[in-house]
>>> print(open('final_39.tsv').read())   # TSV, C-alpha atoms
chain	number	residue	atom	x	y	z
A	1	MET	CA	43.56	198.86	63.64
A	2	MET	CA	44.25	195.22	64.51
A	3	MET	CA	42.16	193.52	67.17
A	4	SER	CA	43.86	191.38	69.76
A	5	THR	CA	42.93	187.73	70.04
A	6	ALA	CA	43.86	187.60	73.69
A	7	SER	CA	41.60	185.59	75.88
A	8	THR	CA	39.24	187.21	78.34
A	9	PRO	CA	38.64	185.69	81.76
A	10	SER	CA	35.31	184.28	80.57
A	11	GLY	CA	37.00	181.89	78.13
A	12	THR	CA	36.18	183.84	74.98
A	13	SER	CA	38.47	185.92	72.81
A	14	SER	CA	37.99	189.64	72.41
A	15	GLN	CA	36.30	188.85	69.07
A	16	GLY	CA	33.66	186.68	70.77
A	17	ARG	CA	35.07	183.28	69.70
A	18	ALA	CA	35.44	180.50	72.23
A	19	VAL	CA	39.01	179.78	73.23
A	20	ARG	CA	39.97	176.20	74.00
A	21	TYR	CA	42.91	175.23	76.14
A	22	PRO	CA	44.05	171.62	76.08
A	23	LEU	CA	44.43	170.33	79.62
A	24	ALA	CA	45.65	166.84	78.78
A	25	ARG	CA	46.99	164.83	75.91
A	26	PRO	CA	44.29	163.56	73.58
A	27	HIS	CA	43.13	160.01	74.21
A	28	ARG	CA	42.81	159.44	70.47
A	29	LEU	CA	44.97	160.12	67.44
A	30	SER	CA	44.03	161.58	64.08
A	31	LEU	CA	44.65	159.70	60.85
A	32	GLU	CA	47.59	161.93	59.97
A	33	THR	CA	49.21	161.59	63.40
A	34	THR	CA	48.74	157.82	63.45
A	35	ALA	CA	50.18	157.43	59.96
A	36	ALA	CA	53.14	159.69	60.78
A	37	ARG	CA	53.96	157.83	63.99
A	38	ALA	CA	53.83	154.51	62.13
A	39	GLY	CA	55.82	155.83	59.17
A	40	LEU	CA	53.06	154.96	56.72
A	41	HIS	CA	51.02	156.86	54.16
A	42	PRO	CA	47.51	157.80	55.38
A	43	ASP	CA	45.94	156.00	52.40
A	44	LEU	CA	47.54	152.72	53.53
A	45	VAL	CA	46.18	153.26	57.04
A	46	ARG	CA	42.71	153.86	55.52
A	47	ARG	CA	43.09	150.58	53.60
A	48	PHE	CA	43.91	148.71	56.81
A	49	VAL	CA	40.77	150.15	58.40
A	50	ALA	CA	38.69	149.12	55.37
A	51	LEU	CA	40.12	145.59	55.61
A	52	SER	CA	39.30	145.50	59.35
A	53	LEU	CA	42.96	145.03	60.27
A	54	LEU	CA	42.89	148.18	62.40
A	55	ASP	CA	40.11	149.58	64.57
A	56	ALA	CA	39.09	153.20	64.17
A	57	SER	CA	36.14	155.38	65.04
A	58	ARG	CA	34.61	158.18	63.03
A	59	ASP	CA	33.46	161.54	64.27
A	60	VAL	CA	30.38	163.39	63.01
A	61	HIS	CA	32.42	164.79	60.11
A	62	GLY	CA	33.55	161.33	58.98
A	63	ARG	CA	37.19	161.75	60.09
A	64	LEU	CA	39.00	158.67	61.36
A	65	TRP	CA	40.26	158.61	64.95
A	66	PHE	CA	42.50	155.94	66.45
A	67	ASP	CA	43.42	154.61	69.85
A	68	THR	CA	46.85	155.59	71.14
A	69	GLU	CA	47.99	151.98	70.60
A	70	ALA	CA	47.26	152.12	66.85
A	71	PRO	CA	50.86	152.89	65.78
A	72	ALA	CA	52.03	149.73	67.58
A	73	ALA	CA	49.29	147.71	65.88
A	74	LEU	CA	50.35	149.14	62.51
A	75	ALA	CA	53.95	148.14	63.23
A	76	ARG	CA	52.79	144.59	63.97
A	77	ILE	CA	50.84	144.50	60.69
A	78	GLN	CA	53.88	145.71	58.79
A	79	ARG	CA	56.12	143.10	60.46
A	80	LEU	CA	53.72	140.33	59.50
A	81	ARG	CA	53.47	141.63	55.93
A	82	CYS	CA	57.19	142.15	55.35
A	83	GLY	CA	58.72	139.55	57.64
A	84	LEU	CA	56.48	136.63	56.81
A	85	SER	CA	55.23	137.77	53.37
A	86	LEU	CA	51.61	137.30	54.43
A	87	ASN	CA	48.74	138.73	52.44
A	88	TYR	CA	46.18	140.96	54.16
A	89	ALA	CA	43.63	138.15	54.64
A	90	ALA	CA	46.27	136.01	56.37
A	91	ILE	CA	47.35	138.96	58.50
A	92	GLY	CA	43.76	139.33	59.74
A	93	LEU	CA	43.68	135.66	60.69
A	94	VAL	CA	47.06	135.83	62.46
A	95	LEU	CA	46.04	138.97	64.37
A	96	ASP	CA	42.83	137.25	65.48
A	97	LEU	CA	44.75	134.18	66.64
A	98	LEU	CA	47.31	136.28	68.50
A	99	GLU	CA	44.50	138.13	70.28
A	100	ARG	CA	42.91	134.84	71.31
A	101	ILE	CA	46.24	133.54	72.59
A	102	SER	CA	46.71	136.71	74.63
A	103	ARG	CA	43.28	136.33	76.19
A	104	LEU	CA	43.92	132.68	77.05
A	105	GLU	CA	47.30	133.53	78.56
A	106	ALA	CA	45.64	136.24	80.65
A	107	LEU	CA	43.08	133.72	81.89
A	108	LEU	CA	45.83	131.24	82.77
A	109	HIS	CA	47.78	133.94	84.55
A	110	ALA	CA	44.69	134.99	86.49
A	111	ALA	CA	44.15	131.36	87.49
A	112	GLY	CA	47.70	131.24	88.84
A	113	ARG	CA	49.04	128.77	86.29
A	114	THR	CA	52.27	129.18	84.38
A	115	GLY	CA	53.97	127.38	81.55
A	116	THR	CA	56.43	124.54	82.01
A	117	ARG	CA	59.36	126.98	82.14
A	118	GLY	CA	57.67	129.19	84.67
A	119	ASP	CA	56.82	131.78	81.99
A	120	SER	CA	53.26	131.90	80.70
A	121	ARG	CA	54.10	134.18	77.77
A	122	TRP	CA	55.71	132.57	74.78
A	123	THR	CA	55.06	135.26	72.16
>>> encode(input="final_39.tsv", output="structure tokens")
Amino acid sequence: MMMSTASTPSGTSSQGRAVRYPLARPHRLSLETTAARAGLHPDLVRRFVALSLLDASRDVHGRLWFDTEAPAALARIQRLRCGLSLNYAAIGLVLDLLERISRLEALLHAAGRTGTRGDSRWT
């Protein structure tokens, strides 16, 4: 006789296991999902994390979890690597400089100043 795994009203299955129902999209992505969305191998994504080119957090089991913007960051890293033939150390420097520029532009925008062409964003 096969037991049903249907959920009971109390949130447990008929076998006593807790049943979880996702109510919203996850606010973080797994390593496999991030790599698939970026079109990269998971080992390359791990390397980028080890080189501090990409931020990730680890859960209690040691699995990597990424922000939902990680695939876009990986695409930027790949464009810098392929388009400009930069090595990984140079990519880290360029990413840091681009982040600083973005912060300065945000400060200028908040202060109400714009560039000479009326557009404060040049990147």
>>> residues_around(input="final_39.tsv", residues="Asp43 (chain A)", least_positions_apart="5", cutoff="10 Å", atoms="all atoms listed in the file", output="PDB file with C-alpha atoms, in the frame of the given file")
ATOM      1  CA  LEU A  31      44.650 159.700  60.850  1.00  0.00           C
ATOM      2  CA  GLU A  32      47.590 161.930  59.970  1.00  0.00           C
ATOM      3  CA  ALA A  35      50.180 157.430  59.960  1.00  0.00           C
ATOM      4  CA  PHE A  48      43.910 148.710  56.810  1.00  0.00           C
ATOM      5  CA  VAL A  49      40.770 150.150  58.400  1.00  0.00           C
TER       6      VAL A  49
END
>>> axis_aligned_box(input="final_39.tsv", around="region 90-96 of chain A", padding_each_side="3 Å", output="AutoDock Vina command-line options")
--center_x 45.1 --center_y 137.5 --center_z 60.9 --size_x 10.5 --size_y 9.7 --size_z 15.1
>>> residues_near_point(input="final_39.tsv", point="(42.5, 139.7, 65.0)", cutoff="12 Å", atoms="all atoms listed in the file", output="list in words")
Leu51, Ser52, Leu53, Leu54, Asp55, Ala73, Arg76, Ile77, Tyr88, Ala89, Ala90, Ile91, Gly92, Leu93, Val94, Leu95, Asp96, Leu97, Leu98, Glu99, Arg100, Ile101, Ser102 and Arg103 of chain A
>>> closest_residue(input="final_39.tsv", among="A:Leu29, A:Leu44, A:Cys82, A:Ala36", to="Ala70 (chain A)", atoms="all atoms listed in the file")
A:Leu29
>>> atom_distance(input="final_39.tsv", atom1="CA of Gln78 (chain A)", atom2="CA of His41 (chain A)")
12.4 Å
>>> atom_distance(input="final_39.tsv", atom1="CA of Thr68 (chain A)", atom2="CA of Leu107 (chain A)")
24.7 Å
>>> atom_distance(input="final_39.tsv", atom1="CA of Asn87 (chain A)", atom2="CA of Leu40 (chain A)")
17.3 Å
